[in-house]
Structures are given as C-alpha cells and as structure tokens.
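J.: I have a structure I would like to understand better, so I am pasting it below and will then ask my questions one at a time.
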Amino acid sequence: MRYACLALILTFLAGVSSALEVEDHRRYPGTGNEELHVISTADLEVFEPYLLAFQAARPDLTIDYTVASSAELHRAIRNGAVFDLALSSAMDLQFQLANDGYAQRHQSDRTLALPNWAKWRDLIFAFTAEPAVMVLSTERFAGLPVPTTRQELVGVLRQHPDVFEGAIGTYDVRESGLGYLFATQEARSTDAYWRLSEVMGRLDPQLYCCSGQMIDDVTEGKLALAYNVLGSYAADRLARASGGKVQVLSMQDFGNVMLRTALIPSNATNPDAAGLMIDMLIDLGLRSTPENWPLPPLNQVGIDHAAGFSQIRLGPALMVYLDPLNRRAFLSEWENAMVQK
Amino acid sequence: MTGTGSIGRKLTLLLAGVAALLSLLSWAMVNGLAKQAAERTQDNVLAASATTIAETLRSEQGEVRLELPYSAFSMLGAIGEDRVFYRVTAGEQMLTGYEDLPLPSDPPSQGQVVFDTAQFSGEAIRMASVSRVIFAGVQAVPVTVTMAQTRNGVSAITSDLSQLAAFLSVMFFLVAVAMSAFAAQTSLKPLNEIAAAVARRGPSDLRPLRREAPTELAPLMTSLNRLMDRLGQSIRRSEDFIAEAAHRVRTPLATVRAQAEVALRTTDDDAEKQRLRRIIRAVDESSRSAGQLLDHATVAYRAEDLSRHPTDLADIARKTVDGLEPTAAMKDIYIKLDTAPATVSGDAVLLENAFRNVLDNAIKYSPEDTTVTVRVFVENGYARAAVVDEGPGLGDGPAENLTERFRRGRNTEGIVGSGLGLTIASDVLRAHGGHLDLGQPTKGKGACVTLVLPSS
Ligand SMILES: Nc1ncnc2c1ncn2[C@@H]1O[C@H](COP(=O)(O)OP(=O)(O)OP(=O)(O)O)[C@@H](O)[C@H]1O
Ligand SMILES: [Mg+2]
C-alpha cells in the first residue's frame, strides 16, 4: 500500500506536547501578553480567515495555532497537553474527550442559541456541518455515466477497471480519524458500503490521510475519483480554479454529514478567550447567508437532509466504534476488503 | 355582644389549611413518584444496554469475544445528555472499557441484572451489571458487562416534573381556597338570611319567623320564635293590664268627679269650693292620665301589627278639627283649616290619635282668642300635617325631649295633662316610617308641630 501523506511535517514542540506530531504551526502575535493556544485539525489555509477575524476583535491576544491529525489531537488532550481550544472534525474522538471529563463547561448567549443537536452538555459545540462527498475528474470520467448512488458507482467501477485501476482515492481509516468516522457511520447506515469497499479494494485504491491531498490529486488527474472527501474542502478548492477539471458529487442514496466541533480542554489556561472564540465560531455557524467563509454553516444540514444526507448525531453512540475491540474488528474487516494483496 | 371571630373566616381558613396540607402532600408524592419513575427508566435502559452487549458475547478460538452493538450506546442517549462509561471483564481480566470503573458491590449472578450507584470521574453514576458464563476452550469464564451513566438526565426530568407538580399544587391550592371561601359563604348564607330578616323587622314586629332553614338552624329558629312568642305575650299582657287598669280607674274617677261637682254647686263656703276644685282637677288629671295611658297602650299594640290602608291626612285633619271645634270655641280659638289631599298608607285610627294629640296641645296651650292654623300638604314626597298656634311655644330646651314619656313643659301650670300626648304622636309616626317635627312657626311666636309621613 502507498501513502500519499508525504507533506506531513514532523515537528516536535518542546514541553508537554513533546510527543505531538504537528502538521503545521503558526503564531499570530498580538499587542498584549495574553495567549490563546488552539489545536485543530483544520489546515491553516482553511482556518486562517477565522483566526484573523478573531484577532481583529481581540488584537491584544496572541493566537498560537497548531494543526494536527484528529487522532493526534485526541491523544494530546488525553495526555494532558495544554491547549485552550481543541477544534476537530472527528466528532467521535471529541465526544469521547467530553464524555471522559477532558473538557470544561462553557455557556453564553451564543451557546444557548445553538440547537440541541449541535451541542452536548455545554462541553462540546458544533460550528460547521460538512457533508462527505465524492470528487471526480471530468477528464478521466469522459464518456462514462456519472453515478448518483453507490449501486451505480459499483457498476461503473466493475465495468471499467482499466480507468480506475490505481486511480481511486479514499481515506486510510487506520490513519485518519475522520476517515474512520465516515467509514463506520457509512457501514452502519448502508450495506452498500462493504460491497463498494470490496470493489474498490480490487482496483488498488490509494489511501490518504487528508481530504486536501485527495482533491489535489484529482485536480491534477492522478486520480479519477476520490471517495468520501470533505465537501467543504472540495468546494473551497473547486472555487480556487480547477478549471472544470473536477466535479463534486453527492450520493443520492446516503451521505454522511459531519459536525466540526470545538471544546475547551479541562486544563486550558485561558478558557475565557477560548469561550469567546467558540462564540464567534457559533455565530458564524448560525449565519443564514453563505458569505465568504471557507467552512459552511450549520443550517445547511436541513437542505442536505432532503438529498439523503444524514447528520452524524452527537451522542454516546459515537463511542461504539472507538472501543478497541470494535475498532480492531472493523479495521480487520476493512483491511480484508480494501487492502487485498 | 362578644365577638369570637367570623365562622366563615374560620371555616375558610380551616379548609384552606387542609388544602395546603393536601397540596404539599401531593407535591411530595408526585416528586417521589417522578424520581422513582425517572430512575426506573434509567435502570431499564442501562439494563437493556448491558444485556444487549452481553448477548454478543461468544467464544472464538478459546478466547472470549464481543462487539459493542451501536444500539446499546445509542439508547443511552435517549434519557438526556449523560456521560456513559462501561466495562467488560472476563473473570479477573479486563476485556474493554474503563478500567477504573467501580465494581458493583454485589456481583451479579448468571443472567441477572444488578444495579448500583457510585461515584466516578467526579460525578454520581448509576450502574447496571449483567453476567454471563462463556465457555472459552475448556474453561467456563464468568463475563461481567457493566454499563454506567451519570444521573443528570434523571435529575433534569425529576426537577422538571417537580416544578410542574409545584405549579399544579399551587393552582390546586388557590382553587381550593376559592372554593372553601365559596363553600363557607354558601353554608352560612341561611344564617345570614335569618339574621337579615330579623334585623329588617320593626322594633315591635314579633311575628314568628317562617322561612326555610337547614336542619342545623332549626333549633335556633325554634328558640328564636319561642322567645319572640313569649315576648309578644308578655307585651300583650301588660297592654291588656294597662287598658284594664285605665278602665277601672276611670269609672270610679268619673263618679268621684260627678259627686265633687254636685258638692261644688251646693256649697257656699269658699274654702270648701277651693278644695272641691282641687279635687276635680286632680280627678281630671288622673282621668286624663288613664285615658292617655290607654291610648299609649293601644298605639303600642296596633303598631306591632300595623295595618296599612291608603288614608288621606286631610280627611283625618278635617274630622279631628270638627271634633275639637267645641273645645276651641270655649276659648274663642279659631281653627283655620288649609288642606290639600295627602294620601299616606297607614292605620287611620292611630294617625287620627296622633293628630288629635297635637291639635289638642295647640288648643290647650294657646291663650284665648287666638287662631290655630292646620295645614295639610305634600312636599318632597312627604305628606305633612302642620299645626301652628300663637301660644307660648315649646320653650328653650331641646324640643325632642318633650316626646319622652310623662315629660311636660314648664308652661303647664294649671293645664291638665299627662305628658304622654307627644309620646303617642311620635310613636305612631315612627311606626309609619315618619316622624314628628317640633319647631316654631316661620313668623310670630307660638309652636309649629308637624306630622311628617312618607306619601304614597
Ligand atoms: N302647642 C304647644 N304650645 C306650647 N307648649 C306645648 C305645645 N304642645 C306641647 N307643649 C309642651 O309640651 C309638653 C308635652 O306635651 P304632651 O302633649 O306630650 O303632654 P301634655 O299636653 O302635657 O299632656 P297630654 O298627655 O294631656 O297631652 C307639654 O306639657 C307642653 O309643655
Ligand atoms: Mg298634650
């Protein structure tokens, strides 16, 4: 198997997070000495506008932004790394942190405005709703019917192995927390998932850690299609000139919608600033106009719902697939299907 | 009268107290039941969850295997936003879950769910444990599945219900108080009605009360009626007695007077004549008193059960003037009559008696050769019969005192009288809802005595 996550920057920070595998890191110095340490799974290019907006409101604050994978983030908080705010796309891992007592309460008029499905115990707050989509290369799909359901996708893949051999990208669920979440939720919701994995596994799929790289590879024509990509990233990159080389597709039979969540770790040193940042993110999450932000708001969930999208619920059921026994069982089944040798 | 507080208020307070007690009791009961129900719900869900997991237990290649079903966890989200912990152990060995989750205090026996409460991760938790024996290879391993959950959902439901119950209890209490007040008022209504009926009665109305009354009030009514009956009887007896007495006094007095007059005419001795005149005067005085006493008794008796008929005051005045004209003529007093029809409803005999006493006074106390003016007219809904004389007037003191029994003025030297005339007149008018007006004429000296009665 091949890993495409080559751009991984391995940085070792001093102190508690010595064991932390950091993908990216940036400091936004403020005028005062107060600091806000954020750990997040969102790439800088996606999230920088939010940080700048927050700093515009609080110019005195120095923002320290660390990007890590969702699994790394989870591990870091569990091991007591000191951050004021943890933003992650892996709802299950975030939920487990809150359930196990690693998060602290935050309440404000913004959190009260948040609908009940978008928060849990005032510990964890959703601020985006991002669907999982399929991205395909128009060039390599030329002449082929565009599938709208998994059933049709399985058909297209079976009939044209020549086109798709080595040209399907999807998450390596062993690596990516979000990929694991998408896969488990999909396996739970539709029996087409295993059939599709079986078919993909026979076509030598490329396994990725992150949505960004998958989309880039589709744009460059290295991949014919990327399955289970974060729709928000895809739309964002599409907007940035792919010149019609890429098409974003959502499956009509079923689609996952992930909630990006924020929590304040229990050992945060500046929970007040973190609370303010959460309030700003909730505000943006509740906006009714699209506006020019990289990540979509929460309220599109309703619209997506009509098209067979199902939002992953924040609740104890998220912990089921995190159980080591269940994870081992799921991964072995997944490997059997995907990594056929 | 001594006051011991209102029965109505006491009754209301008592009933309200009972209602408050019941409200409190029902609130406490609902509270307890709600808590129990919520806890039982959580226990059931936890038990179902643990049992669902236990059902997936199996042995594979000599090892205990299980998977956590999605539903086992999703059902735990149903009660509320509670934190979830779990642990699965096979014998002494921990299979999966939270290692430091406390053990149930008594280990569950095969297939039975055991509940326990404990403290974990800084919060109170409820645990359900279920045990199953799995044959791993040749060995029987007891596997225990424990599901635990914090109790926020339960307390949220309980406090919600408790609040609702409190609200309902307060409402119940308020309604009960309103109803108690109403009940107290309704049950006291007959009593108040009887009291009002008694109060409405004239001072001498002693007829028995005839009205519907609840059984509880029947004794009161009976004794009240008996009392009034006795009172009436004793009044009637004394009236009879007075009438009888007056009669018995007057007859011999008339004889004495006749004898005295005969003696006066036959004697020439001046001193003797003087004595005889004094005797005649005293006899007149006594006779008058007896007559007035009889009239007074009659008035009191007839006023008790006043007959009311339309009567013209002008008629009465005319008749009375006719009757007293001879007396007036003896003193060369001219009675000037000026009447307009003035109908009142009442007892003609009593009204005539009253008017006669007033006119009698005017003639009696006026000097010779004067005029007494009688005017009957209606004014502001009141019929008036005014008698104006040119005599000495009613004196300086408060004129109302003259209506007291046996009260005579200072100007009565040598004038026969008993002091009951104005008393009788005043009593008659009061019995008719009117009054006697004692004053002076607008011009000149003299007295102006007016009978005032509501006209009909
Ligand atoms: N028209 C009047 N002029 C002057 N004094 C009067 C007149 N009418 C009543 N009085 C005074 O009021 C007193 C009370 O009057 P009342 O008629 O009650 O008693 P009486 O005339 O003395 O006795 P009788 O019972 O015989 O009428 C009289 O004694 C008298 O002093
Ligand atoms: Mg008189």
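Each chain in the structure tokens gets a letter, A, B, ..., in the order shown, and its residues are numbered from 1; ligands are numbered from 1 in order too.
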Quick one: which residues from chain A are at most 6 Å off chain B, using only C-alpha atoms, as an mmCIF file with N, CA and C atoms, in the first residue's frame?

T.:
data_model
loop_
_atom_site.group_PDB
_atom_site.id
_atom_site.type_symbol
_atom_site.label_atom_id
_atom_site.label_comp_id
_atom_site.auth_asym_id
_atom_site.auth_seq_id
_atom_site.Cartn_x
_atom_site.Cartn_y
_atom_site.Cartn_z
ATOM 1 N N ASN A 99 -16.920 13.165 27.143
ATOM 2 C CA ASN A 99 -17.530 12.137 27.990
ATOM 3 C C ASN A 99 -16.598 11.728 29.119
ATOM 4 N N ARG A 121 -24.070 18.795 26.540
ATOM 5 C CA ARG A 121 -23.740 19.133 27.933
ATOM 6 C C ARG A 121 -22.966 20.425 28.082
ATOM 7 N N GLY A 315 -23.609 11.964 20.392
ATOM 8 C CA GLY A 315 -24.191 11.191 21.489
ATOM 9 C C GLY A 315 -23.302 10.029 21.822
ATOM 10 N N PRO A 316 -23.646 9.300 22.876
ATOM 11 C CA PRO A 316 -22.765 8.218 23.332
ATOM 12 C C PRO A 316 -22.523 7.151 22.267
ATOM 13 N N ALA A 317 -23.454 7.034 21.298
ATOM 14 C CA ALA A 317 -23.271 6.006 20.272
ATOM 15 C C ALA A 317 -21.986 6.240 19.478
ATOM 16 N N VAL A 320 -19.063 3.892 20.283
ATOM 17 C CA VAL A 320 -19.112 2.463 19.988
ATOM 18 C C VAL A 320 -17.907 2.030 19.164
ATOM 19 N N ASN A 326 -14.025 -3.145 19.084
ATOM 20 C CA ASN A 326 -14.807 -2.854 17.889
ATOM 21 C C ASN A 326 -13.916 -2.315 16.775
#

J.: As a count of residues only, list the residues of segment 33-138 of chain A assigned to strand (DSSP E) by DSSP on the backbone atoms of this structure.

T.: 34

J.: Kindly compile the residues surrounding ligand 2 within 10 Å, counting only C-alpha atoms and all ligand atoms, and format them as an mmCIF file with N, CA, C and O atoms, in the first residue's frame.

T.:
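Generated output (pocket_27.cif):
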data_model
loop_
_atom_site.group_PDB
_atom_site.id
_atom_site.type_symbol
_atom_site.label_atom_id
_atom_site.label_comp_id
_atom_site.auth_asym_id
_atom_site.auth_seq_id
_atom_site.Cartn_x
_atom_site.Cartn_y
_atom_site.Cartn_z
ATOM 1 N N ARG B 288 -107.270 61.948 82.785
ATOM 2 C CA ARG B 288 -106.544 62.191 81.540
ATOM 3 C C ARG B 288 -105.389 61.205 81.395
ATOM 4 O O ARG B 288 -105.200 60.585 80.360
ATOM 5 N N GLN B 292 -104.809 58.653 78.483
ATOM 6 C CA GLN B 292 -103.611 58.685 77.631
ATOM 7 C C GLN B 292 -102.853 57.364 77.721
ATOM 8 O O GLN B 292 -102.350 56.866 76.731
ATOM 9 N N ARG B 356 -104.812 64.218 66.811
ATOM 10 C CA ARG B 356 -105.660 64.802 67.841
ATOM 11 C C ARG B 356 -104.822 65.309 69.003
ATOM 12 O O ARG B 356 -105.038 66.392 69.514
ATOM 13 N N ASN B 357 -103.805 64.512 69.386
ATOM 14 C CA ASN B 357 -102.935 64.925 70.481
ATOM 15 C C ASN B 357 -102.217 66.233 70.164
ATOM 16 O O ASN B 357 -102.053 67.090 71.032
ATOM 17 N N VAL B 358 -101.788 66.371 68.892
ATOM 18 C CA VAL B 358 -101.054 67.582 68.517
ATOM 19 C C VAL B 358 -101.992 68.786 68.508
ATOM 20 O O VAL B 358 -101.683 69.849 69.066
ATOM 21 N N LEU B 359 -103.178 68.576 67.921
ATOM 22 C CA LEU B 359 -104.132 69.683 67.841
ATOM 23 C C LEU B 359 -104.621 70.056 69.252
ATOM 24 O O LEU B 359 -104.771 71.234 69.584
ATOM 25 N N ASP B 360 -104.807 69.020 70.048
ATOM 26 C CA ASP B 360 -105.240 69.229 71.433
ATOM 27 C C ASP B 360 -104.244 70.124 72.172
ATOM 28 O O ASP B 360 -104.629 71.049 72.882
ATOM 29 N N ASN B 361 -102.942 69.841 71.997
ATOM 30 C CA ASN B 361 -101.911 70.665 72.611
ATOM 31 C C ASN B 361 -102.054 72.121 72.184
ATOM 32 O O ASN B 361 -101.983 73.041 73.004
ATOM 33 N N ALA B 362 -102.206 72.325 70.830
ATOM 34 C CA ALA B 362 -102.246 73.683 70.294
ATOM 35 C C ALA B 362 -103.393 74.469 70.944
ATOM 36 O O ALA B 362 -103.224 75.621 71.336
ATOM 37 N N ILE B 363 -104.542 73.804 71.091
ATOM 38 C CA ILE B 363 -105.693 74.490 71.681
ATOM 39 C C ILE B 363 -105.456 74.717 73.172
ATOM 40 O O ILE B 363 -105.695 75.783 73.704
ATOM 41 N N LYS B 364 -104.925 73.666 73.798
ATOM 42 C CA LYS B 364 -104.753 73.678 75.251
ATOM 43 C C LYS B 364 -103.774 74.772 75.679
ATOM 44 O O LYS B 364 -104.003 75.463 76.669
ATOM 45 N N TYR B 365 -102.673 74.899 74.937
ATOM 46 C CA TYR B 365 -101.617 75.805 75.392
ATOM 47 C C TYR B 365 -101.738 77.202 74.797
ATOM 48 O O TYR B 365 -100.940 78.065 75.091
ATOM 49 N N LEU B 402 -89.538 66.614 74.668
ATOM 50 C CA LEU B 402 -90.964 66.663 75.006
ATOM 51 C C LEU B 402 -91.685 65.400 74.563
ATOM 52 O O LEU B 402 -92.806 65.146 75.014
ATOM 53 N N ARG B 408 -93.472 66.898 80.695
ATOM 54 C CA ARG B 408 -94.315 68.071 80.456
ATOM 55 C C ARG B 408 -93.444 69.300 80.482
ATOM 56 O O ARG B 408 -92.399 69.334 81.115
ATOM 57 N N THR B 412 -97.070 74.566 81.891
ATOM 58 C CA THR B 412 -98.281 73.763 82.035
ATOM 59 C C THR B 412 -99.035 74.055 83.313
ATOM 60 O O THR B 412 -99.960 73.335 83.663
ATOM 61 N N ILE B 415 -102.792 73.599 83.664
ATOM 62 C CA ILE B 415 -103.363 72.959 82.474
ATOM 63 C C ILE B 415 -103.290 71.471 82.665
ATOM 64 O O ILE B 415 -102.235 70.915 82.977
ATOM 65 N N VAL B 416 -104.424 70.816 82.501
ATOM 66 C CA VAL B 416 -104.487 69.379 82.734
ATOM 67 C C VAL B 416 -103.717 68.633 81.630
ATOM 68 O O VAL B 416 -103.828 68.954 80.446
ATOM 69 N N GLY B 417 -102.961 67.673 82.048
ATOM 70 C CA GLY B 417 -102.228 66.868 81.039
ATOM 71 C C GLY B 417 -101.409 65.787 81.700
ATOM 72 O O GLY B 417 -101.167 65.819 82.908
ATOM 73 N N SER B 418 -100.980 64.815 80.892
ATOM 74 C CA SER B 418 -100.247 63.677 81.444
ATOM 75 C C SER B 418 -98.808 63.600 80.954
ATOM 76 O O SER B 418 -98.021 62.828 81.462
ATOM 77 N N GLY B 419 -98.491 64.341 79.889
ATOM 78 C CA GLY B 419 -97.133 64.251 79.324
ATOM 79 C C GLY B 419 -96.977 63.083 78.372
ATOM 80 O O GLY B 419 -95.874 62.718 78.013
ATOM 81 N N LEU B 420 -98.097 62.515 77.934
ATOM 82 C CA LEU B 420 -97.980 61.365 77.017
ATOM 83 C C LEU B 420 -98.406 61.708 75.594
ATOM 84 O O LEU B 420 -98.173 60.933 74.667
ATOM 85 N N GLY B 421 -99.015 62.875 75.395
ATOM 86 C CA GLY B 421 -99.570 63.213 74.070
ATOM 87 C C GLY B 421 -98.542 63.160 72.959
ATOM 88 O O GLY B 421 -98.733 62.466 71.949
ATOM 89 N N LEU B 422 -97.441 63.841 73.140
ATOM 90 C CA LEU B 422 -96.424 63.854 72.073
ATOM 91 C C LEU B 422 -95.747 62.489 71.940
ATOM 92 O O LEU B 422 -95.331 62.105 70.858
ATOM 93 N N THR B 423 -95.682 61.773 73.081
ATOM 94 C CA THR B 423 -95.098 60.421 73.017
ATOM 95 C C THR B 423 -95.932 59.553 72.086
ATOM 96 O O THR B 423 -95.401 58.844 71.210
ATOM 97 N N ILE B 424 -97.245 59.621 72.274
ATOM 98 C CA ILE B 424 -98.141 58.822 71.436
ATOM 99 C C ILE B 424 -97.986 59.230 69.973
ATOM 100 O O ILE B 424 -97.776 58.379 69.091
ATOM 101 N N ALA B 425 -98.041 60.561 69.717
ATOM 102 C CA ALA B 425 -97.944 61.035 68.340
ATOM 103 C C ALA B 425 -96.640 60.573 67.708
ATOM 104 O O ALA B 425 -96.608 60.042 66.585
#

J.: Looking at A:Ile77, A:Leu225, A:Met319, A:Ile278, which one is nearest to Arg110 of chain A, with distances taken over only C-alpha atoms?

T.: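 Looking only at the distances to Arg110 of chain A, the closest residue turns out to be A:Ile278.
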
J.: What does the distance between atom CA of Gly391 of chain B and atom 3 (N, counted along the ligand's line) of ligand 1 come to in Å, to one decimal place?

T.: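 Rounded to one decimal, the two atoms are 5.5 Å apart.
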
J.: Just want the 8 Å neighbourhood of Ala86 of chain A, counted on only C-alpha atoms, with same-chain residues fewer than 5 positions away dropped. Output as number ranges by chain.

T.: A: 38-40, 73, 262-265

J.: So that I have them on file, write out the residues from the current selection with N, CA, C and O atoms, as a PDB file, in the first residue's frame.

T.:
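Output saved as again-v3.pdb:
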ATOM      1  N   VAL A  38      -4.502  27.162  20.305  1.00  0.00           N
ATOM      2  CA  VAL A  38      -5.546  26.396  19.629  1.00  0.00           C
ATOM      3  C   VAL A  38      -4.901  25.188  18.986  1.00  0.00           C
ATOM      4  O   VAL A  38      -3.848  25.310  18.344  1.00  0.00           O
ATOM      5  N   ILE A  39      -5.525  24.042  19.191  1.00  0.00           N
ATOM      6  CA  ILE A  39      -5.103  22.864  18.426  1.00  0.00           C
ATOM      7  C   ILE A  39      -6.282  22.454  17.565  1.00  0.00           C
ATOM      8  O   ILE A  39      -7.420  22.460  18.017  1.00  0.00           O
ATOM      9  N   SER A  40      -5.981  22.178  16.284  1.00  0.00           N
ATOM     10  CA  SER A  40      -7.091  21.998  15.353  1.00  0.00           C
ATOM     11  C   SER A  40      -6.704  21.020  14.262  1.00  0.00           C
ATOM     12  O   SER A  40      -5.532  20.806  13.971  1.00  0.00           O
ATOM     13  N   LEU A  73      -4.548  14.933  17.936  1.00  0.00           N
ATOM     14  CA  LEU A  73      -5.203  15.924  18.793  1.00  0.00           C
ATOM     15  C   LEU A  73      -5.814  15.241  20.011  1.00  0.00           C
ATOM     16  O   LEU A  73      -5.621  15.635  21.149  1.00  0.00           O
ATOM     17  N   ALA A 262     -15.953  22.058  18.642  1.00  0.00           N
ATOM     18  CA  ALA A 262     -14.967  22.748  19.470  1.00  0.00           C
ATOM     19  C   ALA A 262     -15.187  22.355  20.917  1.00  0.00           C
ATOM     20  O   ALA A 262     -16.319  22.165  21.349  1.00  0.00           O
ATOM     21  N   LEU A 263     -14.098  22.256  21.655  1.00  0.00           N
ATOM     22  CA  LEU A 263     -14.226  22.081  23.102  1.00  0.00           C
ATOM     23  C   LEU A 263     -13.064  22.765  23.799  1.00  0.00           C
ATOM     24  O   LEU A 263     -12.014  22.980  23.211  1.00  0.00           O
ATOM     25  N   ILE A 264     -13.296  23.123  25.045  1.00  0.00           N
ATOM     26  CA  ILE A 264     -12.251  23.752  25.851  1.00  0.00           C
ATOM     27  C   ILE A 264     -11.697  22.677  26.768  1.00  0.00           C
ATOM     28  O   ILE A 264     -12.406  22.166  27.635  1.00  0.00           O
ATOM     29  N   PRO A 265     -10.438  22.283  26.582  1.00  0.00           N
ATOM     30  CA  PRO A 265      -9.877  21.225  27.433  1.00  0.00           C
ATOM     31  C   PRO A 265      -9.922  21.630  28.902  1.00  0.00           C
ATOM     32  O   PRO A 265      -9.849  22.819  29.226  1.00  0.00           O
TER      33      PRO A 265
END

J.: Please return, as a PyMOL selection string, all residues of segment 14-121 of chain B that DSSP assigns to helix (DSSP H, G or I) on the basis of the backbone.

T.: chain B and resi 14-55+70-77

J.: Residues at most 7 Å from segment 211-218 of chain A, counting only C-alpha atoms, excluding those fewer than 4 positions away in the same chain, as a list of chain:residue names?

T.: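 Listing them by chain and then by number gives A:Leu136, A:Ser137, A:Gly169, A:Lys222, A:Leu223, A:Ala224, A:Leu225, A:Ala226, A:Val229, A:Leu230, A:Tyr233, A:Ala234, A:Val246.
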
J.: What is the atom CA of Glu186 of chain A to atom CA of Ala50 of chain B distance in Å?

T.: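 Those two atoms sit 24.8 Å apart.
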
J.: Can you tell me which residues surround Gln104 of chain A at a distance of at most 12 Å, considering only C-alpha atoms, apart from same-chain residues fewer than 6 positions away, and format the answer as an NGL selection string?

T.: :A and (84-86 or 97-98 or 120-125 or 262-272 or 274-275)

J.: Please provide as a ChimeraX atom specification all residues within 8 Å of Ser250 of chain A, with the sequence filter that same-chain residues fewer than 6 positions apart are discarded (counting only C-alpha atoms).

T.: /A:132-134,148

J.: Find the residues near Glu63 of chain B: any atom within 7 Å, counting only C-alpha atoms, skip ones fewer than 3 places away on the same chain, and give them as a list in words.

T.: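 The contact residues come out as Ser59, Glu60 and Ala136 of chain B.
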
J.: Quote the spacing between atom 16 (P, counted along the ligand's line) of ligand 1 and atom CA of Asp338 of chain B in Å to one decimal place.

T.: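 Computed distance, atom 16 (P, counted along the ligand's line) of ligand 1 to atom CA of Asp338 of chain B, equals 23.9 Å.
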